[in-house]
>>> print(open('protein_12.txt').read())   # compact mmCIF, C-alpha atoms and all ligand atoms
# COMPACT_ATOMS: atom_id res chain seq x y z
CA MET A 160 -0.64 -94.72 94.11
CA ILE A 161 -2.46 -91.45 93.44
CA ASP A 162 -2.89 -89.66 90.10
CA LEU A 163 -0.60 -86.67 90.51
CA ILE A 164 1.71 -84.94 92.97
CA LEU A 165 2.68 -81.30 92.60
CA ARG A 166 5.84 -81.01 94.66
CA ASN A 167 7.22 -77.78 96.15
CA ALA A 168 4.18 -75.62 95.61
CA ARG A 169 4.03 -72.26 97.34
CA LEU A 170 0.42 -71.66 98.26
CA ALA A 171 -0.82 -68.09 98.16
CA GLY A 172 -0.53 -66.41 101.55
CA ARG A 173 2.14 -68.82 102.81
CA ASP A 174 5.92 -68.73 102.78
CA ASP A 175 6.72 -72.44 103.14
CA LEU A 176 6.56 -75.04 100.38
CA THR A 177 4.11 -77.89 100.30
CA ASP A 178 3.26 -80.97 98.24
CA LEU A 179 -0.23 -81.21 96.76
CA GLY A 180 -1.70 -84.59 95.89
CA VAL A 181 -4.44 -85.02 93.32
CA ASP A 182 -6.52 -88.16 93.03
CA ASP A 183 -9.76 -88.75 91.19
CA GLY A 184 -10.30 -85.04 90.71
CA VAL A 185 -9.88 -83.98 94.33
CA ILE A 186 -7.00 -82.72 96.43
CA VAL A 187 -5.48 -85.27 98.79
CA SER A 188 -2.58 -85.04 101.20
CA ALA A 189 0.81 -86.08 99.86
CA GLY A 190 3.97 -86.70 101.85
CA PRO A 191 7.60 -87.14 100.78
CA ASP A 192 7.07 -90.91 100.38
CA SER A 193 3.77 -90.74 98.48
CA ALA A 194 3.76 -92.26 95.01
CA ALA A 195 1.83 -91.03 92.01
CA SER A 196 1.39 -91.78 88.33
CA GLU A 197 2.81 -88.35 87.57
CA VAL A 198 5.01 -86.08 89.68
CA ILE A 199 5.65 -82.46 88.74
CA ASP A 200 8.20 -80.40 90.65
CA LEU A 201 6.91 -76.82 90.82
CA ASP A 202 10.22 -75.58 92.24
CA GLY A 203 8.54 -73.09 94.56
CA ARG A 204 6.05 -71.66 92.08
CA LEU A 205 2.96 -69.88 93.37
CA VAL A 206 -0.25 -71.92 93.39
CA THR A 207 -3.72 -70.47 93.89
CA PRO A 208 -7.28 -71.67 93.51
CA PRO A 209 -8.85 -70.75 90.14
CA LEU A 210 -9.01 -67.09 89.24
CA VAL A 211 -12.55 -65.72 89.40
CA GLU A 212 -13.72 -62.94 87.09
CA PRO A 213 -16.55 -61.10 88.85
CA HIS A 214 -17.25 -58.43 86.25
CA ILE A 215 -16.89 -58.55 82.49
CA HIS A 216 -19.13 -57.68 79.55
CA LEU A 217 -18.67 -60.75 77.36
CA ASP A 218 -21.35 -59.76 74.87
CA ALA A 219 -19.25 -56.74 73.85
CA VAL A 220 -15.80 -58.35 73.67
CA LEU A 221 -13.72 -58.01 70.49
CA THR A 222 -16.01 -55.35 68.99
CA VAL A 223 -13.50 -52.50 69.22
CA GLY A 224 -13.76 -50.34 66.09
CA GLN A 225 -17.21 -51.71 65.16
CA PRO A 226 -19.12 -50.12 63.57
CA ARG A 227 -16.84 -47.14 64.19
CA PRO A 228 -14.01 -46.35 66.59
CA ASN A 229 -14.58 -44.53 69.87
CA VAL A 230 -12.61 -41.43 68.89
CA SER A 231 -12.67 -39.65 72.26
CA GLY A 232 -12.35 -42.83 74.31
CA SER A 233 -15.08 -41.56 76.64
CA LEU A 234 -17.74 -43.62 78.43
CA PHE A 235 -20.60 -41.82 76.71
CA GLU A 236 -19.17 -42.18 73.21
CA GLY A 237 -18.59 -45.83 74.07
CA ILE A 238 -22.26 -46.30 75.00
CA ALA A 239 -23.31 -44.58 71.73
CA VAL A 240 -20.99 -46.78 69.63
CA TRP A 241 -22.21 -49.90 71.42
CA ALA A 242 -25.86 -48.98 70.81
CA GLU A 243 -25.03 -48.99 67.06
CA ARG A 244 -23.15 -52.30 67.28
CA VAL A 245 -26.03 -53.96 69.15
CA ALA A 246 -28.15 -53.53 66.00
CA ASP A 247 -25.82 -55.98 64.18
CA LEU A 248 -25.65 -58.63 66.90
CA THR A 249 -26.40 -62.19 65.93
CA TYR A 250 -26.49 -65.34 68.02
CA GLU A 251 -23.50 -66.75 66.13
CA ASP A 252 -21.52 -63.51 66.31
CA VAL A 253 -21.91 -63.37 70.12
CA GLN A 254 -21.07 -67.03 70.65
CA ALA A 255 -17.96 -66.89 68.45
CA ARG A 256 -16.52 -63.79 70.12
CA VAL A 257 -17.29 -64.98 73.63
CA ALA A 258 -15.92 -68.48 73.04
CA GLN A 259 -12.64 -66.94 71.90
CA VAL A 260 -12.30 -64.79 75.02
CA LEU A 261 -13.32 -67.67 77.32
CA ARG A 262 -10.36 -69.59 75.89
CA TRP A 263 -8.11 -66.63 76.68
CA GLN A 264 -9.49 -66.45 80.21
CA LEU A 265 -9.01 -70.19 80.77
CA ALA A 266 -5.40 -69.86 79.63
CA CYS A 267 -5.04 -67.22 82.36
CA GLY A 268 -6.48 -69.59 84.98
CA VAL A 269 -10.01 -68.13 85.09
CA GLN A 270 -12.61 -70.84 85.73
CA HIS A 271 -15.56 -68.77 87.00
CA VAL A 272 -16.90 -65.72 85.18
CA ARG A 273 -19.75 -63.36 85.95
CA SER A 274 -20.72 -61.55 82.78
CA HIS A 275 -23.09 -58.64 82.44
CA VAL A 276 -25.20 -59.04 79.29
CA ASP A 277 -26.97 -56.06 77.75
CA VAL A 278 -30.70 -56.78 77.74
CA CYS A 279 -31.73 -53.52 76.01
CA ASP A 280 -32.54 -55.53 72.92
CA PRO A 281 -36.16 -56.54 72.32
CA GLN A 282 -34.95 -59.88 70.94
CA LEU A 283 -32.41 -60.52 73.73
CA ARG A 284 -30.04 -62.04 71.15
CA ALA A 285 -26.88 -61.80 73.28
CA LEU A 286 -28.55 -63.31 76.32
CA ARG A 287 -29.96 -66.24 74.33
CA ALA A 288 -26.51 -66.92 72.86
CA LEU A 289 -24.86 -66.78 76.27
CA VAL A 290 -27.47 -68.93 78.02
CA ASP A 291 -26.72 -71.70 75.51
CA LEU A 292 -22.96 -71.21 75.73
CA ARG A 293 -23.17 -71.30 79.54
CA ALA A 294 -24.61 -74.84 79.34
CA GLU A 295 -21.96 -75.91 76.82
CA VAL A 296 -18.91 -74.80 78.86
CA ARG A 297 -20.16 -75.64 82.37
CA GLY A 298 -17.53 -77.52 84.35
CA LEU A 299 -14.73 -75.91 82.35
CA VAL A 300 -15.54 -72.22 82.73
CA ASP A 301 -18.65 -71.63 84.82
CA LEU A 302 -20.65 -68.60 83.75
CA GLN A 303 -23.03 -66.43 85.74
CA LEU A 304 -25.09 -64.11 83.55
CA VAL A 305 -26.32 -60.73 84.73
CA ALA A 306 -29.37 -59.12 83.12
CA PHE A 307 -27.76 -55.74 82.51
CA PRO A 308 -29.90 -52.86 81.20
CA GLN A 309 -27.21 -50.76 79.50
CA GLN A 310 -29.71 -48.05 78.50
CA GLY A 311 -31.65 -48.13 81.78
CA ILE A 312 -34.69 -49.97 83.11
CA LEU A 313 -37.14 -47.08 83.40
CA GLY A 314 -35.48 -44.94 80.73
CA PHE A 315 -35.62 -47.62 78.00
CA GLU A 316 -38.90 -48.51 76.36
CA GLY A 317 -40.13 -51.81 77.72
CA GLY A 318 -37.16 -51.96 80.10
CA ARG A 319 -39.00 -53.57 83.01
CA GLU A 320 -40.50 -56.28 80.83
CA LEU A 321 -37.12 -57.02 79.21
CA MET A 322 -35.61 -57.51 82.66
CA ARG A 323 -38.41 -59.91 83.60
CA GLU A 324 -37.99 -61.76 80.30
CA ALA A 325 -34.23 -62.03 80.88
CA VAL A 326 -34.92 -63.69 84.22
CA ARG A 327 -37.37 -66.07 82.55
CA LEU A 328 -34.70 -66.95 79.97
CA GLY A 329 -32.26 -67.92 82.72
CA ALA A 330 -30.26 -64.90 83.93
CA ASP A 331 -28.53 -65.80 87.21
CA VAL A 332 -28.19 -62.26 88.49
CA VAL A 333 -30.23 -59.05 88.20
CA GLY A 334 -28.41 -55.85 87.22
CA GLY A 335 -29.12 -52.16 86.90
CA ILE A 336 -27.60 -48.80 86.01
CA PRO A 337 -29.33 -46.23 88.25
CA HIS A 338 -26.98 -43.32 87.50
CA TYR A 339 -27.96 -43.57 83.81
CA GLU A 340 -31.72 -43.35 84.41
CA LEU A 341 -33.50 -40.09 83.49
CA THR A 342 -33.88 -38.75 87.02
CA ARG A 343 -32.61 -39.47 90.49
CA GLU A 344 -36.09 -40.74 91.40
CA ASP A 345 -36.01 -43.14 88.45
CA GLY A 346 -32.57 -44.30 89.58
CA VAL A 347 -33.89 -45.09 93.06
CA GLU A 348 -36.89 -46.85 91.56
CA SER A 349 -34.66 -48.90 89.24
CA VAL A 350 -32.62 -50.20 92.19
CA LYS A 351 -35.80 -51.14 94.05
CA PHE A 352 -37.19 -52.84 90.94
CA ALA A 353 -34.00 -54.88 90.38
CA MET A 354 -33.76 -55.98 93.99
CA ALA A 355 -37.43 -56.94 94.17
CA LEU A 356 -37.11 -58.95 90.96
CA ALA A 357 -34.06 -60.78 92.29
CA ASP A 358 -35.67 -61.38 95.68
CA GLU A 359 -38.80 -62.76 94.05
CA HIS A 360 -36.78 -65.33 92.07
CA GLY A 361 -34.08 -66.10 94.67
CA LEU A 362 -31.37 -64.57 92.46
CA ARG A 363 -28.34 -62.44 93.22
CA VAL A 364 -27.97 -58.76 92.40
CA ASP A 365 -25.07 -56.96 90.72
CA ILE A 366 -25.71 -53.34 89.83
CA HIS A 367 -23.52 -50.91 87.89
CA CYS A 368 -23.78 -48.23 90.51
CA ASP A 369 -22.58 -44.62 90.52
CA GLU A 370 -20.14 -45.13 87.65
CA THR A 371 -19.66 -41.39 87.28
CA ASP A 372 -17.55 -38.62 88.77
CA ASP A 373 -20.70 -36.84 89.95
CA ASP A 374 -20.53 -36.67 93.74
CA HIS A 375 -24.33 -36.35 93.83
CA SER A 376 -24.74 -39.84 92.41
CA ARG A 377 -25.67 -41.74 95.55
CA PHE A 378 -27.42 -44.95 94.62
CA VAL A 379 -25.16 -47.30 96.59
CA GLU A 380 -26.92 -46.10 99.73
CA VAL A 381 -30.21 -47.27 98.21
CA MET A 382 -28.66 -50.67 97.43
CA ALA A 383 -27.41 -51.00 101.02
CA ALA A 384 -30.78 -49.99 102.48
CA GLU A 385 -32.72 -52.39 100.25
CA THR A 386 -30.30 -55.22 101.05
CA ILE A 387 -30.79 -54.66 104.77
CA ARG A 388 -34.59 -54.39 104.47
CA ARG A 389 -34.89 -57.50 102.32
CA GLY A 390 -32.37 -59.56 104.29
CA MET A 391 -30.28 -60.17 101.14
CA SER A 392 -26.89 -59.78 102.82
CA GLY A 393 -24.10 -61.56 100.92
CA ARG A 394 -26.14 -61.80 97.71
CA VAL A 395 -25.69 -58.25 96.46
CA THR A 396 -22.77 -56.66 94.63
CA ALA A 397 -22.22 -53.01 93.78
CA SER A 398 -19.95 -52.59 90.75
CA HIS A 399 -17.78 -49.61 89.79
CA THR A 400 -19.04 -47.09 92.45
CA THR A 401 -16.51 -44.57 91.15
CA ALA A 402 -18.46 -41.55 92.43
CA MET A 403 -17.47 -42.62 95.95
CA HIS A 404 -14.03 -41.19 95.26
CA SER A 405 -15.59 -37.71 95.12
CA TYR A 406 -17.98 -37.93 98.09
CA ASN A 407 -17.21 -35.78 101.10
CA SER A 408 -15.60 -37.84 103.82
CA ALA A 409 -18.44 -37.42 106.33
CA TYR A 410 -20.90 -38.90 103.85
CA ALA A 411 -18.46 -41.63 102.77
CA TYR A 412 -17.94 -42.62 106.42
CA ARG A 413 -21.67 -43.13 106.99
CA LEU A 414 -22.09 -44.87 103.64
CA ILE A 415 -19.24 -47.33 104.17
CA ARG A 416 -20.68 -48.30 107.56
CA ASN A 417 -23.99 -49.07 105.88
CA ILE A 418 -22.29 -51.01 103.06
CA ALA A 419 -20.53 -53.14 105.69
CA ARG A 420 -23.76 -53.62 107.64
CA ALA A 421 -25.55 -54.69 104.46
CA GLY A 422 -22.79 -57.17 103.58
CA LEU A 423 -22.46 -55.80 100.04
CA HIS A 424 -19.65 -57.06 97.83
CA MET A 425 -17.88 -54.36 95.81
CA VAL A 426 -16.17 -54.68 92.43
CA THR A 427 -13.65 -52.14 91.22
CA ASN A 428 -12.64 -52.15 87.55
CA PRO A 429 -9.25 -50.48 87.28
CA LEU A 430 -8.67 -51.01 83.56
CA ASP A 431 -11.80 -49.29 82.26
CA ASN A 432 -12.23 -46.76 85.02
CA SER A 433 -8.62 -45.57 84.85
CA VAL A 434 -9.30 -44.42 81.29
CA LEU A 435 -12.98 -43.47 81.57
CA GLN A 436 -13.16 -41.41 84.78
CA GLY A 437 -12.07 -37.84 85.32
CA ARG A 438 -12.87 -36.99 81.70
CA PHE A 439 -14.50 -33.69 82.64
CA ASP A 440 -11.59 -32.61 84.86
CA THR A 441 -9.13 -30.20 83.31
CA GLY A 442 -6.58 -30.75 86.05
CA PRO A 443 -5.83 -32.17 88.47
CA ILE A 444 -7.58 -35.20 86.99
CA ARG A 445 -9.25 -37.36 89.64
CA ARG A 446 -8.49 -41.05 89.54
CA GLY A 447 -12.18 -41.67 90.04
CA HIS A 448 -12.39 -45.11 91.55
CA THR A 449 -14.05 -46.49 94.62
CA ARG A 450 -12.60 -46.13 98.13
CA ILE A 451 -10.91 -49.50 98.22
CA LYS A 452 -8.78 -49.10 101.33
CA GLN A 453 -11.53 -47.62 103.50
CA LEU A 454 -13.99 -50.27 102.38
CA ARG A 455 -11.50 -53.02 103.20
CA GLU A 456 -10.75 -51.49 106.59
CA ALA A 457 -14.49 -51.66 107.29
CA GLY A 458 -14.42 -55.38 106.47
CA VAL A 459 -16.07 -55.10 103.05
CA ASN A 460 -15.16 -57.60 100.33
CA VAL A 461 -13.68 -55.60 97.43
CA CYS A 462 -12.95 -57.53 94.23
CA ILE A 463 -11.20 -56.67 90.99
CA GLY A 464 -13.08 -56.90 87.69
CA HIS A 465 -11.67 -56.79 84.17
CA ASP A 466 -14.84 -55.18 82.73
CA SER A 467 -13.88 -55.02 79.04
CA VAL A 468 -11.79 -56.85 76.47
CA MET A 469 -11.31 -54.88 73.23
CA ASP A 470 -14.71 -53.19 73.19
CA PRO A 471 -15.97 -49.63 72.67
CA TRP A 472 -14.96 -48.64 76.22
CA TYR A 473 -11.54 -50.23 76.51
CA PRO A 474 -9.55 -51.18 73.41
CA LEU A 475 -6.93 -53.37 75.14
CA GLY A 476 -6.86 -56.43 77.39
CA TYR A 477 -7.03 -60.19 76.92
CA GLY A 478 -9.08 -61.14 79.96
CA ASP A 479 -6.26 -61.65 82.46
CA PRO A 480 -7.31 -60.60 85.99
CA LEU A 481 -3.64 -60.26 86.87
CA GLN A 482 -3.33 -57.40 84.39
CA ALA A 483 -6.22 -55.59 86.11
CA ALA A 484 -4.58 -56.23 89.49
CA PHE A 485 -1.28 -54.84 88.17
CA VAL A 486 -3.00 -51.61 87.19
CA LEU A 487 -4.67 -51.41 90.61
CA VAL A 488 -1.26 -51.56 92.31
CA HIS A 489 -0.61 -48.15 90.76
CA TYR A 490 -4.03 -46.65 90.36
CA GLY A 491 -5.22 -47.73 93.83
CA GLN A 492 -1.80 -47.19 95.43
CA MET A 493 -1.74 -50.77 96.71
CA SER A 494 2.02 -51.25 96.65
CA GLY A 495 2.40 -52.07 100.35
CA ASP A 496 3.86 -55.48 101.16
CA ALA A 497 0.63 -56.98 102.51
CA GLU A 498 -1.39 -55.23 99.83
CA LEU A 499 0.42 -57.06 97.04
CA ARG A 500 -0.70 -60.35 98.55
CA ARG A 501 -4.21 -59.00 99.05
CA LEU A 502 -4.48 -58.20 95.34
CA ILE A 503 -4.30 -61.93 94.60
CA ASP A 504 -7.17 -62.48 97.06
CA MET A 505 -9.10 -59.83 95.13
CA ILE A 506 -9.01 -62.00 91.98
CA THR A 507 -9.57 -65.33 93.75
CA VAL A 508 -11.27 -65.79 97.15
CA GLY A 509 -12.91 -62.34 97.14
CA PRO A 510 -14.86 -62.74 93.91
CA ALA A 511 -15.55 -66.40 94.76
CA ALA A 512 -17.50 -65.08 97.77
CA ALA A 513 -19.27 -62.44 95.66
CA LEU A 514 -20.37 -65.12 93.19
CA GLY A 515 -21.40 -67.42 96.03
CA LEU A 516 -19.21 -70.31 94.83
CA ASP A 517 -19.65 -73.38 97.00
CA GLY A 518 -16.63 -75.52 97.84
CA TYR A 519 -14.13 -73.03 96.41
CA GLY A 520 -10.52 -73.17 97.64
CA LEU A 521 -7.57 -75.49 98.03
CA ARG A 522 -8.10 -78.04 100.79
CA ASP A 523 -7.98 -81.78 101.30
CA GLY A 524 -11.08 -83.34 99.80
CA GLY A 525 -11.86 -80.22 97.75
CA PRO A 526 -11.90 -80.10 93.95
CA ALA A 527 -8.46 -80.16 92.32
CA ASP A 528 -9.06 -76.84 90.59
CA LEU A 529 -5.91 -74.73 90.72
CA VAL A 530 -3.53 -72.42 88.93
CA VAL A 531 0.29 -72.49 88.84
CA PHE A 532 2.05 -69.19 88.18
CA ASP A 533 5.53 -69.00 86.69
CA ALA A 534 6.64 -66.91 89.67
CA PRO A 535 7.69 -67.65 93.26
CA SER A 536 5.52 -65.05 95.03
CA GLU A 537 2.43 -62.88 94.72
CA ALA A 538 4.61 -59.82 94.16
CA ASP A 539 6.55 -61.53 91.35
CA ALA A 540 3.35 -62.82 89.78
CA LEU A 541 2.06 -59.24 89.65
CA ARG A 542 5.37 -57.71 88.58
CA LEU A 543 5.82 -60.11 85.68
CA ILE A 544 2.12 -60.70 84.89
CA ALA A 545 3.50 -64.20 85.13
CA PRO A 546 2.28 -66.88 82.70
CA ARG A 547 0.06 -69.59 84.16
CA THR A 548 2.13 -72.67 83.46
CA LEU A 549 -0.52 -75.13 84.57
CA VAL A 550 -4.27 -74.86 85.11
CA LEU A 551 -6.15 -77.84 86.56
CA ARG A 552 -9.91 -78.33 86.62
CA GLY A 553 -11.17 -81.40 88.44
CA GLY A 554 -7.62 -82.74 88.45
CA LYS A 555 -7.30 -82.50 84.66
CA VAL A 556 -4.92 -80.13 82.89
CA VAL A 557 -7.10 -77.64 81.03
CA ALA A 558 -4.43 -75.07 80.20
CA ARG A 559 -0.67 -75.02 79.96
CA ALA A 560 1.89 -72.37 79.11
CA THR A 561 5.49 -72.63 78.04
CA PRO A 562 7.01 -69.34 79.15
CA ALA A 563 9.24 -67.48 76.73
CA GLN A 564 12.97 -68.02 77.14
CA HIS A 565 15.10 -64.91 76.97
CA THR A 566 18.82 -64.81 76.38
CA VAL A 567 21.24 -61.94 76.14
CA THR A 568 24.73 -61.80 74.80
CA TRP A 569 26.43 -60.14 77.73
CA LEU A 570 30.00 -59.01 77.11
CA GLY A 571 30.49 -61.78 74.59
CA THR A 572 28.77 -64.58 76.54
CA GLN A 573 25.25 -65.86 75.86
CA GLU A 574 23.28 -66.00 79.11
CA PRO A 575 19.66 -66.78 80.04
CA VAL A 576 17.56 -64.01 81.58
CA THR A 577 14.64 -64.94 83.87
CA PHE A 578 13.73 -61.53 85.37
CA LEU A 579 13.84 -63.22 88.79
CA ARG A 580 16.04 -62.10 91.67
CA ARG A 581 18.02 -65.15 92.67
FE FE2 A 601 -19.10 -52.76 83.81
>>> encode(input="protein_12.txt", output="structure tokens", more="lines below")
Ligand code: FE2
Amino acid sequence: MIDLILRNARLAGRDDLTDLGVDDGVIVSAGPDSAASEVIDLDGRLVTPPLVEPHIHLDAVLTVGQPRPNVSGSLFEGIAVWAERVADLTYEDVQARVAQVLRWQLACGVQHVRSHVDVCDPQLRALRALVDLRAEVRGLVDLQLVAFPQQGILGFEGGRELMREAVRLGADVVGGIPHYELTREDGVESVKFAMALADEHGLRVDIHCDETDDDHSRFVEVMAAETIRRGMSGRVTASHTTAMHSYNSAYAYRLIRNIARAGLHMVTNPLDNSVLQGRFDTGPIRRGHTRIKQLREAGVNVCIGHDSVMDPWYPLGYGDPLQAAFVLVHYGQMSGDAELRRLIDMITVGPAAALGLDGYGLRDGGPADLVVFDAPSEADALRLIAPRTLVLRGGKVVARATPAQHTVTWLGTQEPVTFLRR
């Protein structure tokens, strides 16, 4: 007698149905005759490993409108508004806002989160709050914290020392923002500084890189070169890289080969970048995101990040990676049959690799961490932004949803509506 059997699960990437057994927190095989304390018939619903959020700014969540609204909606006005809001940060304020959004993420099936944390604060208030929260929620939602210099490392007074202090306080990952430094040379130097700091402490790297429409912003090549030289393949992520959209194709071809050789992970953030890029174009307006399809063809791991939840840069969102994937279907033109399935990989196995998660995935003997979608396929999950009816962590139910029931009165008869093709 095992603890639980989930019957008729449709695992992501497969068409047949399977039974999943759960016992003592791990996945075990279950056949038609297996017995369990609890049996749940999933009736063909999609099951995936936990969703993984590779890129969010938790310290800024739920601050939209504070201390003033971002009237233009632009990236630069957002940075200016945030610099004002940072002055009011307190330990309690950060913890309360982040804890609320972590609950939202867990309800969406997210169990691993990499958050950038602005360290351009001499007191490092947000980082201290998040380091403590990370310890409190470990095993429920696992946090990786990136020392992120929003105002630059060389261009912000004491920037280098703040980065070192952030590492001493317990940052898991070293960040950067080379395109925001004062000069190109400073940008190159900031990448080298961040990678050396990470290398010295055995940490990972995740740099906001070339988040601009300027086709002369070319810091990803420096990241690739440093990764190759330092032998840090697999431990380095380049986030945003929107300028790549505007590079000439000869340069992009060479760059993508080097990114693949370096084993960089890439994170695209369709929610924020769909509204922030192309702001200086009068028409046609460039989409301004990274070259997802070419990177994937070269074998590069491209992940989807949510980036913002109700902050000065993006006023919407509730932390659901599926919503970001839905936008990428359109914005990245990923509506092909196989691409719809791949989008689910880009919020699960892809970011799990970028974060270096050990033991991730659904397999016998592995942790019973999983997510059940109220949809029979990847395409339906995306189409409906389907509720996560069941989220297990270590075999325990940590989130549940009761999907809304819709009825219509159709020609005099009341009928249920499920939005599913039967
Ligand atoms: Fe970001």
>>> closest_atom_pairs(input="protein_12.txt", of="chain A", to="ligand FE2 601 (chain A)", cutoff="8 Å", atoms="all atoms listed in the file", output="JSON lines")
{"residue": "A:His214", "atom": "CA", "partner": "A:FE2_601", "partner_atom": "FE", "distance": 6.4}
{"residue": "A:Ile215", "atom": "CA", "partner": "A:FE2_601", "partner_atom": "FE", "distance": 6.3}
{"residue": "A:His216", "atom": "CA", "partner": "A:FE2_601", "partner_atom": "FE", "distance": 6.5}
{"residue": "A:His275", "atom": "CA", "partner": "A:FE2_601", "partner_atom": "FE", "distance": 7.2}
{"residue": "A:His367", "atom": "CA", "partner": "A:FE2_601", "partner_atom": "FE", "distance": 6.3}
{"residue": "A:Ser398", "atom": "CA", "partner": "A:FE2_601", "partner_atom": "FE", "distance": 7.0}
{"residue": "A:His399", "atom": "CA", "partner": "A:FE2_601", "partner_atom": "FE", "distance": 6.9}
{"residue": "A:Asn428", "atom": "CA", "partner": "A:FE2_601", "partner_atom": "FE", "distance": 7.5}
{"residue": "A:Asp466", "atom": "CA", "partner": "A:FE2_601", "partner_atom": "FE", "distance": 5.0}
{"residue": "A:Ser467", "atom": "CA", "partner": "A:FE2_601", "partner_atom": "FE", "distance": 7.4}
>>> closest_residue(input="protein_12.txt", among="A:Leu248, A:Met403, A:Met493, A:Leu356", to="Asp372 of chain A", atoms="all atoms listed in the file")
A:Met403
>>> closest_atom_pairs(input="protein_12.txt", of="segment 299-350 of chain A", to="segment 374-378 of chain A", cutoff="8 Å", atoms="only C-alpha atoms", output="tab-separated table")
residue	atom	partner	partner_atom	distance
A:Pro337	CA	A:Phe378	CA	6.8
A:His338	CA	A:Ser376	CA	6.4
A:Gly346	CA	A:Phe378	CA	7.2
A:Val347	CA	A:Phe378	CA	6.7
A:Val350	CA	A:Phe378	CA	7.8
>>> closest_residue(input="protein_12.txt", among="A:Pro471, A:Gly509, A:Gly478, A:Gly314", to="Gly237 of chain A", atoms="all atoms listed in the file")
A:Pro471
>>> closest_residue(input="protein_12.txt", among="A:Ser433, A:Ser274, A:Ser408, A:Asn167", to="Gln453 of chain A", atoms="all atoms listed in the file")
A:Ser408
>>> residues_around(input="protein_12.txt", residues="Arg323 of chain A", least_positions_apart="3", cutoff="10 Å", atoms="all atoms listed in the file", output="ChimeraX atom specification")
/A:306,318-320,326-328,330,333,353,356-357
>>> closest_residue(input="protein_12.txt", among="A:Ala411, A:Val290, A:Ala497, A:Val468", to="Trp263 of chain A", atoms="only C-alpha atoms")
A:Val468
>>> closest_residue(input="protein_12.txt", among="A:Tyr410, A:Gly172, A:Val187, A:Arg547", to="Glu498 of chain A", atoms="only C-alpha atoms")
A:Gly172
>>> closest_residue(input="protein_12.txt", among="A:Gly311, A:Gly203, A:Gly476, A:Pro429", to="Gln492 of chain A", atoms="only C-alpha atoms")
A:Pro429
>>> atom_distance(input="protein_12.txt", atom1="atom CA of Asp277 of chain A", atom2="atom CA of Ile463 of chain A")
20.6 Å
>>> residues_near_point(input="protein_12.txt", point="(-6.1, -81.8, 103.2)", cutoff="10 Å", atoms="all atoms listed in the file", output="PyMOL selection string")
chain A and resi 179-180+185-189+521-525
>>> atom_distance(input="protein_12.txt", atom1="atom CA of Val395 of chain A", atom2="atom CA of Leu292 of chain A")
24.6 Å
>>> atom_distance(input="protein_12.txt", atom1="atom CA of Ser392 of chain A", atom2="atom CA of Leu502 of chain A")
23.7 Å
>>> residues_near_point(input="protein_12.txt", point="(-23.9, -46.8, 75.8)", cutoff="12 Å", atoms="all atoms listed in the file", output="PyMOL selection string")
chain A and resi 219+229+233-245+277+279+307-311+315+336+339+470-472
>>> axis_aligned_box(input="protein_12.txt", around="segment 325-341 of chain A", padding_each_side="3 Å", output="JSON")
{"center_x": -32.2, "center_y": -54.0, "center_z": 84.2, "size_x": 16.4, "size_y": 33.8, "size_z": 14.5}
>>> residues_around(input="protein_12.txt", residues="Pro480 of chain A", least_positions_apart="2", cutoff="12 Å", atoms="only C-alpha atoms", output="number ranges by chain")
A: 209-215, 263-272, 427-430, 462-468, 476-478, 482-487, 502-507, 510, 540-541, 544-547
>>> write_last_selection(input="protein_12.txt", atoms="C-alpha atoms", output="short mmCIF file (atom, residue, chain, number, x, y, z; two decimals), keeping the file's coordinate frame")
data_model
loop_
_atom_site.label_atom_id
_atom_site.label_comp_id
_atom_site.auth_asym_id
_atom_site.auth_seq_id
_atom_site.Cartn_x
_atom_site.Cartn_y
_atom_site.Cartn_z
CA PRO A 209 -8.85 -70.75 90.14
CA LEU A 210 -9.01 -67.09 89.24
CA VAL A 211 -12.55 -65.72 89.40
CA GLU A 212 -13.72 -62.94 87.09
CA PRO A 213 -16.55 -61.10 88.85
CA HIS A 214 -17.25 -58.43 86.25
CA ILE A 215 -16.89 -58.55 82.49
CA TRP A 263 -8.11 -66.63 76.68
CA GLN A 264 -9.49 -66.45 80.21
CA LEU A 265 -9.01 -70.19 80.77
CA ALA A 266 -5.40 -69.86 79.63
CA CYS A 267 -5.04 -67.22 82.36
CA GLY A 268 -6.48 -69.59 84.98
CA VAL A 269 -10.01 -68.13 85.09
CA GLN A 270 -12.61 -70.84 85.73
CA HIS A 271 -15.56 -68.77 87.00
CA VAL A 272 -16.90 -65.72 85.18
CA THR A 427 -13.65 -52.14 91.22
CA ASN A 428 -12.64 -52.15 87.55
CA PRO A 429 -9.25 -50.48 87.28
CA LEU A 430 -8.67 -51.01 83.56
CA CYS A 462 -12.95 -57.53 94.23
CA ILE A 463 -11.20 -56.67 90.99
CA GLY A 464 -13.08 -56.90 87.69
CA HIS A 465 -11.67 -56.79 84.17
CA ASP A 466 -14.84 -55.18 82.73
CA SER A 467 -13.88 -55.02 79.04
CA VAL A 468 -11.79 -56.85 76.47
CA GLY A 476 -6.86 -56.43 77.39
CA TYR A 477 -7.03 -60.19 76.92
CA GLY A 478 -9.08 -61.14 79.96
CA GLN A 482 -3.33 -57.40 84.39
CA ALA A 483 -6.22 -55.59 86.11
CA ALA A 484 -4.58 -56.23 89.49
CA PHE A 485 -1.28 -54.84 88.17
CA VAL A 486 -3.00 -51.61 87.19
CA LEU A 487 -4.67 -51.41 90.61
CA LEU A 502 -4.48 -58.20 95.34
CA ILE A 503 -4.30 -61.93 94.60
CA ASP A 504 -7.17 -62.48 97.06
CA MET A 505 -9.10 -59.83 95.13
CA ILE A 506 -9.01 -62.00 91.98
CA THR A 507 -9.57 -65.33 93.75
CA PRO A 510 -14.86 -62.74 93.91
CA ALA A 540 3.35 -62.82 89.78
CA LEU A 541 2.06 -59.24 89.65
CA ILE A 544 2.12 -60.70 84.89
CA ALA A 545 3.50 -64.20 85.13
CA PRO A 546 2.28 -66.88 82.70
CA ARG A 547 0.06 -69.59 84.16
#
